[in-house]
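Worksheet: one structure, shown below.
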Amino acid sequence: MPINTDHPWLPAETDETFDPLDHADVSPDAETPLIITPRGGAREVGRSCYQVDTEHATYLVDCGLNQGTGDQFPDDRGLGPEAIDAVFLTHAHIDHCGGLPVFEARGLLEDDAPIVATPPTIDLATLLLRDSLKIHQHETTHRDRQFTERDVTAVIDRFEPVSYGGGLVAGVADVPEQEPLVFRFGNAAHLLGSAWLTLQTTGQKVVFSGDLGGRAGHLPSIETPPQADLLLCESTYGGTHSHTSINDAQTTLFEAIEQSVRDGSPVLIPTFAVGRAQLLQLVIGDRLHEFPAELRQKMRLVVDGMAQEATELYHEYVQDDTVMDDAMVNRVVESGYETPFQPDIAEFPETDADRRALLEDAGGTGTVPIVIAPSGMLSGGNSPRYLTEFAARYDRATLLLTGYQASGTLGRTLQNQIKADDDELTYTTEATPFGTDWPTSETVQWTTIDTDDGPDRVTRATIPADWLQTVHGFSGHAAQNALLEYARQVSPETIALIHGPEYAQAQLAEHFTRNVESTSQVTRSRLLTPIPLSREGTDELATPVLTPEQVEGTSSDVREQVRQLREHVAALSEELATARNESTLSEADVRAIVRDEREE
């Protein structure tokens with residue numbers, strides 16, 4: 001019997017007409033008023049997208065893109081023209097909004113379908129979507145382009161601003177008057193304007209966690225969610241009991257920067273342009289006085305790319321106590337200093353000539369550049385360009401990774417080589433130099449790799465392993481303990497895990513099953529596999545579930561064996577993803593790695 005090798009739970013032959021609800025033989029009706037179908041962000045970190053069907057309309061919660069390995073955009077099979085009546089956007093990060101222009105280009109949104117979001121989310125998403133268009137145009141040929149400037153503009157025109165709170169969906173979207181669906185946004189404390197979402201109809205209620213935070217001091221705490229029948233909960237750090245404290249993370253960061261400035265070696269901090277870049281600038285600005293005067297004079301704090309524009313947007317909301325923490329608002333009001341996310345010493349290069357001059361001046365004047373540049377995973381933007389320039393120009397430098405590195409990204413590839421105890425870290429990149437060519441160096445060379453579209457010219461670079469340091473504690477995602485607190489507040493009968501790597505979801509599923517008293521089953525959501533919410537609950541799930549009885553009946557020895565197996569599978573998956581990204585390995589080489597690991 002033929003098997004769907006990508007998604008074994010789906011039929012072997014599935015084309016664009018495949019309808020997940022028809023395949024599962026479910027449809028919304030009076031007895032099953034809500035059906036949720038993941039179209040992305042199921043057992044992965046990226047392309048979050050969840051279809052919600054009621055008797056009267058079809059909605060999306062988020063529509064992102066994938067920055068690591070795997071399919072880039074949400075799976076739209078079975079969606080007909082103008083099928084989507086409204087979109088609810090939980091926050092602005094590109095893995096939650098980056099697929100919207102693609103759905104626009106494919107005509108999947110109804111003509112007047114709104115994209116409902118908080119005002120800060122709209123402003124930040126507008127910035128990110130325009131930047132995503134530039135990246136897409138750079139990385140694709142006209143023939144392969146998935147969306148255009150017209151599509152991005154059309155998406156931006158659809159934005160419908162709402163404050164935290166909610167009301168009838170019929171009040172913000174053109175849906176049938178008899179549609180009883182009610183929505184509510186609450187502060188998720190992950191990013192400026194971020195939200196969790198509640199949808200309720202005829203007595204049944206589902207909560208989408210969005211990305212939960214609660215770690216950044218300038219944002220309010222996570223708003224308490226309502227109780228619900230079903231919780232779709234993010235699990236990015238579901239395998240991490242608790243994060244390093246933010247104060248310890250700041251100390252680690254400052255010690256690394258101070259040592260680098262003393263040594264005269266430059267620092268690169270790849271960062272997410274929205275959220276992390278502002279937090280880092282705030283932290284550095286607040287603690288800059290701790291540096292000796294002679295070191296402050298040598299420092300050049302460089303904030304590159306879109307991070308500058310995002311910082312300006314943060315300052316527009318810096319006195320709004322609905323999206324900023326009261327302490328931050330009071331600080332600004334009392335001090336009169338209205339730009340706390342931008343240290344006085346920060347400088348913002350605008351051209352490649354500016355960037356090249358910065359690095360050349362550092363060699364001649366004794367100044368030390370501290371560069372904050374997107375992207376945070378070294379998957380695009382100027383951060384991989386700075387890293388490769390560093391590799392060509394300097395014997396010593398510091399690379400500080402302060403955020404999650406998704407599988408298949410350059411950041412994760414470097415981290416994997418560190419785990420393998422490699423003395424040198426080698427990578428290939430499509431990044432281009434700030435000038436006409438890279439500085440002459442034995443560690444940075446042009447090379448050619450074979451792709452499906454023919455030979456491709458890329459750069460191969462090598463850096464010492466001791467350049468790389470991962471700084472834990474700056475994550476904007478809640479860890480296991482905070483996720484548990486949130487789940488207990490929702491008190492659902494069923495929890496479906498989303499937005500997380502498989503190993504983290506496996507650990508979090510067991511943790512929830514043991515510790516959320518109201519929950520009778522926990523499942524890990526699956527792509528294109530509907531989750532029906534009926535008046536009787538969610539008894540008929542197509543995905544495997546974990547129950548309290550199963551957990552209690554498992555011995556500690558078996559649990560330890562399962563844990564070790566999960567770690568081994570996760571490690572194998574990481575090595576496989578890295579191998580596929582290495583230009584020198586053929587598909588046969590990759591398969592050989594898999595065979596060797598299995599034989600062990």
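Going by the structure tokens order, chains are called A, B, ..., each with residues numbered from 1, while ligands are numbered from 1 in the order shown.
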Set the distance at 6 Å and use only C-alpha atoms: which residues neighbour region 495-502 of chain A once local chain neighbours fewer than 5 positions away are removed? I'd like the list as a PyMOL selection string.
chain A and resi 41-45+230-236+522-525
Kindly export the residues of the current selection with C-alpha atoms, as an mmCIF file, in the first residue's frame.
```cif
data_model
loop_
_atom_site.group_PDB
_atom_site.id
_atom_site.type_symbol
_atom_site.label_atom_id
_atom_site.label_comp_id
_atom_site.auth_asym_id
_atom_site.auth_seq_id
_atom_site.Cartn_x
_atom_site.Cartn_y
_atom_site.Cartn_z
ATOM 1 C CA GLY A 41 2.832 25.151 13.377
ATOM 2 C CA ALA A 42 1.819 21.662 14.494
ATOM 3 C CA ARG A 43 4.991 19.717 15.334
ATOM 4 C CA GLU A 44 7.338 22.494 14.323
ATOM 5 C CA VAL A 45 8.407 25.999 15.300
ATOM 6 C CA LEU A 230 -9.889 23.202 24.738
ATOM 7 C CA LEU A 231 -6.462 24.834 24.915
ATOM 8 C CA LEU A 232 -4.088 25.012 21.962
ATOM 9 C CA CYS A 233 -0.820 25.740 23.743
ATOM 10 C CA GLU A 234 2.550 26.712 22.360
ATOM 11 C CA SER A 235 5.454 24.465 23.385
ATOM 12 C CA THR A 236 8.640 26.095 22.069
ATOM 13 C CA VAL A 522 -3.206 15.847 26.018
ATOM 14 C CA THR A 523 -2.392 15.476 22.336
ATOM 15 C CA ARG A 524 0.204 16.830 19.953
ATOM 16 C CA SER A 525 -1.580 18.465 17.045
#
```
Residues near Val206 (chain A), cut-off 9 Å, only C-alpha atoms, skip fewer than 6 positions along chain, as a compact mmCIF listing (two decimals) with N, CA, C and O atoms, in the first residue's frame:
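Below is the file around.txt, written as the result:
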```
# COMPACT_ATOMS: atom_id res chain seq x y z
N LEU A 34 -17.42 23.96 16.72
CA LEU A 34 -16.07 24.44 16.39
C LEU A 34 -15.20 23.29 15.94
O LEU A 34 -15.18 22.22 16.57
N LEU A 197 -5.79 34.35 22.38
CA LEU A 197 -7.10 34.53 21.75
C LEU A 197 -8.07 33.49 22.28
O LEU A 197 -7.74 32.31 22.37
N THR A 198 -9.27 33.95 22.64
CA THR A 198 -10.37 33.05 22.99
C THR A 198 -11.47 33.16 21.94
O THR A 198 -11.82 34.27 21.52
N LEU A 199 -11.98 32.02 21.50
CA LEU A 199 -13.15 31.97 20.62
C LEU A 199 -14.23 31.14 21.31
O LEU A 199 -13.96 30.04 21.79
N GLN A 200 -15.44 31.67 21.34
CA GLN A 200 -16.53 31.00 22.03
C GLN A 200 -17.80 31.06 21.19
O GLN A 200 -18.14 32.10 20.61
N GLN A 227 -11.34 30.23 31.62
CA GLN A 227 -11.42 28.78 31.52
C GLN A 227 -12.07 28.41 30.19
O GLN A 227 -12.87 29.16 29.64
N ALA A 228 -11.67 27.24 29.67
CA ALA A 228 -12.17 26.83 28.35
C ALA A 228 -12.21 25.31 28.26
O ALA A 228 -11.62 24.60 29.09
N ASP A 229 -12.87 24.82 27.22
CA ASP A 229 -12.96 23.38 26.99
C ASP A 229 -11.68 22.83 26.36
O ASP A 229 -11.29 21.68 26.62
N LEU A 230 -11.05 23.64 25.51
CA LEU A 230 -9.89 23.20 24.74
C LEU A 230 -8.84 24.30 24.75
O LEU A 230 -9.15 25.47 24.57
N LEU A 231 -7.59 23.91 24.96
CA LEU A 231 -6.46 24.83 24.91
C LEU A 231 -5.49 24.37 23.85
O LEU A 231 -5.03 23.23 23.88
N LEU A 232 -5.18 25.24 22.90
CA LEU A 232 -4.09 25.01 21.96
C LEU A 232 -2.90 25.81 22.48
O LEU A 232 -2.91 27.05 22.45
N PRO A 492 -8.58 23.35 30.99
CA PRO A 492 -9.34 22.69 29.93
C PRO A 492 -9.47 21.18 30.17
O PRO A 492 -8.68 20.58 30.90
N LEU A 533 -14.51 20.21 18.34
CA LEU A 533 -14.96 20.55 19.69
C LEU A 533 -16.49 20.49 19.70
O LEU A 533 -17.15 21.38 19.16
```
Could you pull out all residues of region 271-476 of chain A with a DSSP call of helix (DSSP H, G or I) and give them as an MDAnalysis selection string?
chainID A and resid 276:290 293:298 306:316 326:335 352:365 383:393 410:419 465:467
Please run DSSP on the backbone and report, as a PyMOL selection string, all residues within region 64-139 of chain A that come out as strand (DSSP E).
chain A and resi 86-88+115-117
I need the residue nearest Pro340 (chain A) from this list: A:Leu528, A:Ala327, A:Leu282, A:Ile372. Use only C-alpha atoms for the distance.
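Of A:Leu528, A:Ala327, A:Leu282, A:Ile372, the one nearest Pro340 (chain A), counting only C-alpha atoms, is A:Leu282.
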Near region 417-427 of chain A, counting only C-alpha atoms, which residues have an atom at most 8 Å away, once you skip same-chain residues fewer than 3 positions from it, shown as an MDAnalysis selection string?
chainID A and resid 410 413:414 460:466 582
Expected file: the selected residues, N, CA, C and O atoms, as a PDB file, in the first residue's frame:
```pdb
ATOM      1  N   LEU A 410      21.276  28.622  10.164  1.00  0.00           N
ATOM      2  CA  LEU A 410      22.715  28.690  10.365  1.00  0.00           C
ATOM      3  C   LEU A 410      23.053  28.717  11.846  1.00  0.00           C
ATOM      4  O   LEU A 410      24.022  28.083  12.295  1.00  0.00           O
ATOM      5  N   THR A 413      22.925  25.227  13.093  1.00  0.00           N
ATOM      6  CA  THR A 413      24.041  24.461  12.538  1.00  0.00           C
ATOM      7  C   THR A 413      25.317  24.707  13.333  1.00  0.00           C
ATOM      8  O   THR A 413      26.057  23.770  13.651  1.00  0.00           O
ATOM      9  N   LEU A 414      25.580  25.957  13.682  1.00  0.00           N
ATOM     10  CA  LEU A 414      26.777  26.275  14.474  1.00  0.00           C
ATOM     11  C   LEU A 414      26.671  25.681  15.875  1.00  0.00           C
ATOM     12  O   LEU A 414      27.650  25.139  16.410  1.00  0.00           O
ATOM     13  N   ARG A 460      31.865  29.839   1.681  1.00  0.00           N
ATOM     14  CA  ARG A 460      32.174  28.902   2.754  1.00  0.00           C
ATOM     15  C   ARG A 460      33.146  29.597   3.707  1.00  0.00           C
ATOM     16  O   ARG A 460      34.158  30.163   3.282  1.00  0.00           O
ATOM     17  N   ALA A 461      32.805  29.572   4.993  1.00  0.00           N
ATOM     18  CA  ALA A 461      33.616  30.274   5.993  1.00  0.00           C
ATOM     19  C   ALA A 461      33.862  29.371   7.192  1.00  0.00           C
ATOM     20  O   ALA A 461      33.069  28.465   7.483  1.00  0.00           O
ATOM     21  N   THR A 462      34.938  29.636   7.890  1.00  0.00           N
ATOM     22  CA  THR A 462      35.292  28.882   9.094  1.00  0.00           C
ATOM     23  C   THR A 462      35.638  29.865  10.201  1.00  0.00           C
ATOM     24  O   THR A 462      36.375  30.836   9.979  1.00  0.00           O
ATOM     25  N   ILE A 463      35.089  29.622  11.402  1.00  0.00           N
ATOM     26  CA  ILE A 463      35.402  30.448  12.564  1.00  0.00           C
ATOM     27  C   ILE A 463      35.831  29.535  13.711  1.00  0.00           C
ATOM     28  O   ILE A 463      35.421  28.373  13.771  1.00  0.00           O
ATOM     29  N   PRO A 464      36.646  30.034  14.630  1.00  0.00           N
ATOM     30  CA  PRO A 464      36.994  29.229  15.806  1.00  0.00           C
ATOM     31  C   PRO A 464      35.761  28.961  16.665  1.00  0.00           C
ATOM     32  O   PRO A 464      34.889  29.823  16.807  1.00  0.00           O
ATOM     33  N   ALA A 465      35.694  27.778  17.245  1.00  0.00           N
ATOM     34  CA  ALA A 465      34.536  27.422  18.070  1.00  0.00           C
ATOM     35  C   ALA A 465      34.398  28.337  19.276  1.00  0.00           C
ATOM     36  O   ALA A 465      33.277  28.576  19.747  1.00  0.00           O
ATOM     37  N   ASP A 466      35.523  28.850  19.776  1.00  0.00           N
ATOM     38  CA  ASP A 466      35.432  29.679  20.988  1.00  0.00           C
ATOM     39  C   ASP A 466      34.885  31.077  20.711  1.00  0.00           C
ATOM     40  O   ASP A 466      34.708  31.864  21.641  1.00  0.00           O
ATOM     41  N   GLU A 582      24.737  21.014   4.327  1.00  0.00           N
ATOM     42  CA  GLU A 582      26.146  21.062   3.994  1.00  0.00           C
ATOM     43  C   GLU A 582      26.331  20.752   2.517  1.00  0.00           C
ATOM     44  O   GLU A 582      25.928  19.695   2.037  1.00  0.00           O
TER      45      GLU A 582
END
```
If we count only C-alpha atoms, what is near Glu31 (chain A) at a cut-off of 8 Å, once residues fewer than 3 positions away on the same chain are taken out, given as number ranges by chain?
A: 28, 534-535
What's the 7 Å shell around Ala346 (chain A), counting only C-alpha atoms, without same-chain residues fewer than 3 positions away, as number ranges by chain?
A: 301-303, 342-343
Please, could you write that set of residues out with all heavy atoms as a CSV table (one decimal), in the first residue's frame?
```
chain,number,residue,atom,x,y,z
A,301,LEU,N,28.4,51.0,19.7
A,301,LEU,CA,27.1,50.2,19.6
A,301,LEU,C,26.4,50.4,18.3
A,301,LEU,O,25.9,51.5,18.1
A,301,LEU,CB,26.2,50.5,20.8
A,301,LEU,CG,24.9,49.7,20.9
A,301,LEU,CD1,25.2,48.2,21.1
A,301,LEU,CD2,24.1,50.3,22.0
A,302,VAL,N,26.3,49.4,17.5
A,302,VAL,CA,25.8,49.5,16.2
A,302,VAL,C,24.5,48.7,16.1
A,302,VAL,O,24.4,47.5,16.4
A,302,VAL,CB,26.8,48.9,15.1
A,302,VAL,CG1,26.2,49.0,13.7
A,302,VAL,CG2,28.1,49.6,15.2
A,303,VAL,N,23.4,49.4,15.8
A,303,VAL,CA,22.1,48.8,15.6
A,303,VAL,C,21.7,48.8,14.1
A,303,VAL,O,21.6,49.9,13.6
A,303,VAL,CB,21.0,49.5,16.5
A,303,VAL,CG1,19.7,48.8,16.3
A,303,VAL,CG2,21.4,49.5,17.9
A,342,GLN,N,16.7,53.1,23.1
A,342,GLN,CA,17.8,53.5,22.2
A,342,GLN,C,18.9,54.2,23.0
A,342,GLN,O,18.7,55.4,23.3
A,342,GLN,CB,17.2,54.5,21.1
A,342,GLN,CG,18.3,54.9,20.1
A,342,GLN,CD,17.7,55.8,19.0
A,342,GLN,OE1,16.7,55.4,18.4
A,342,GLN,NE2,18.3,56.9,18.7
A,343,PRO,N,19.9,53.5,23.4
A,343,PRO,CA,21.0,54.2,24.1
A,343,PRO,C,21.6,55.4,23.3
A,343,PRO,O,21.6,55.4,22.1
A,343,PRO,CB,22.0,53.1,24.3
A,343,PRO,CG,21.3,51.8,24.1
A,343,PRO,CD,20.2,52.1,23.1
```
Which of these residues is nearest to Glu223 (chain A), using only C-alpha atoms: A:Asp174, A:Glu110, A:Glu430, A:Glu485?
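Closest to Glu223 (chain A) of all the choices is A:Glu485.
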Spatial neighbours of Arg385 (chain A), max dist 8 Å, only C-alpha atoms, sep filter under 5 positions, as a PDB file with N, CA, C and O atoms, in the first residue's frame:
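And here's part.pdb as it stands now:
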```pdb
ATOM      1  N   ALA A 431      25.153  34.884   1.993  1.00  0.00           N
ATOM      2  CA  ALA A 431      25.395  36.279   2.348  1.00  0.00           C
ATOM      3  C   ALA A 431      26.425  36.897   1.403  1.00  0.00           C
ATOM      4  O   ALA A 431      27.346  36.228   0.929  1.00  0.00           O
ATOM      5  N   THR A 432      26.257  38.176   1.152  1.00  0.00           N
ATOM      6  CA  THR A 432      27.160  38.904   0.255  1.00  0.00           C
ATOM      7  C   THR A 432      28.026  39.869   1.051  1.00  0.00           C
ATOM      8  O   THR A 432      27.640  40.331   2.127  1.00  0.00           O
ATOM      9  N   PRO A 433      29.219  40.197   0.550  1.00  0.00           N
ATOM     10  CA  PRO A 433      30.117  41.109   1.282  1.00  0.00           C
ATOM     11  C   PRO A 433      29.609  42.543   1.256  1.00  0.00           C
ATOM     12  O   PRO A 433      28.771  42.913   0.428  1.00  0.00           O
ATOM     13  N   PHE A 434      30.149  43.347   2.164  1.00  0.00           N
ATOM     14  CA  PHE A 434      29.787  44.764   2.216  1.00  0.00           C
ATOM     15  C   PHE A 434      30.445  45.552   1.084  1.00  0.00           C
ATOM     16  O   PHE A 434      29.993  46.641   0.751  1.00  0.00           O
TER      17      PHE A 434
END
```
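Note that the spacing between CA of Ala12 (chain A) and CA of Arg47 (chain A) amounts to 23.1 Å.
Note that CA of Ile222 (chain A) and CA of Ala189 (chain A) are 5.1 Å apart.
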As an exercise, work out the distance from CA of Ala273 (chain A) to CA of Ala307 (chain A) in Å and give it to one decimal place.
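The value is 4.3 Å.
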7 Å contact set for region 475-481 of chain A, only C-alpha atoms, chain neighbours under 4 positions out, as a JSON list (two decimals) with C-alpha atoms, in the first residue's frame:
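Here's the written file result-v9.json:
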```json
[["chain", "number", "residue", "atom", "x", "y", "z"],
["A", 190, "HIS", "CA", 5.61, 37.95, 24.45],
["A", 211, "ASP", "CA", 3.32, 32.82, 21.94],
["A", 212, "LEU", "CA", 3.45, 33.31, 25.70],
["A", 213, "GLY", "CA", 6.12, 35.43, 27.34],
["A", 214, "GLY", "CA", 6.04, 37.07, 30.73],
["A", 215, "ARG", "CA", 9.81, 37.55, 30.86],
["A", 237, "TYR", "CA", 10.40, 25.62, 25.41],
["A", 238, "GLY", "CA", 8.14, 22.85, 26.68],
["A", 239, "GLY", "CA", 11.19, 20.73, 27.46],
["A", 240, "THR", "CA", 12.85, 23.44, 29.57],
["A", 241, "HIS", "CA", 11.66, 23.52, 33.17],
["A", 242, "SER", "CA", 12.63, 27.16, 33.71],
["A", 243, "HIS", "CA", 14.81, 29.75, 32.02],
["A", 403, "GLY", "CA", 17.46, 33.41, 21.20],
["A", 485, "GLU", "CA", 0.56, 27.96, 35.27],
["A", 508, "LEU", "CA", 5.41, 18.97, 27.99]]
```
Top pick for closest residue to Gly40 (chain A), considering A:Glu55, A:Thr529, A:Gly376, A:Ser441 and counting only C-alpha atoms
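Selected residue with least distance to Gly40 (chain A): A:Thr529.
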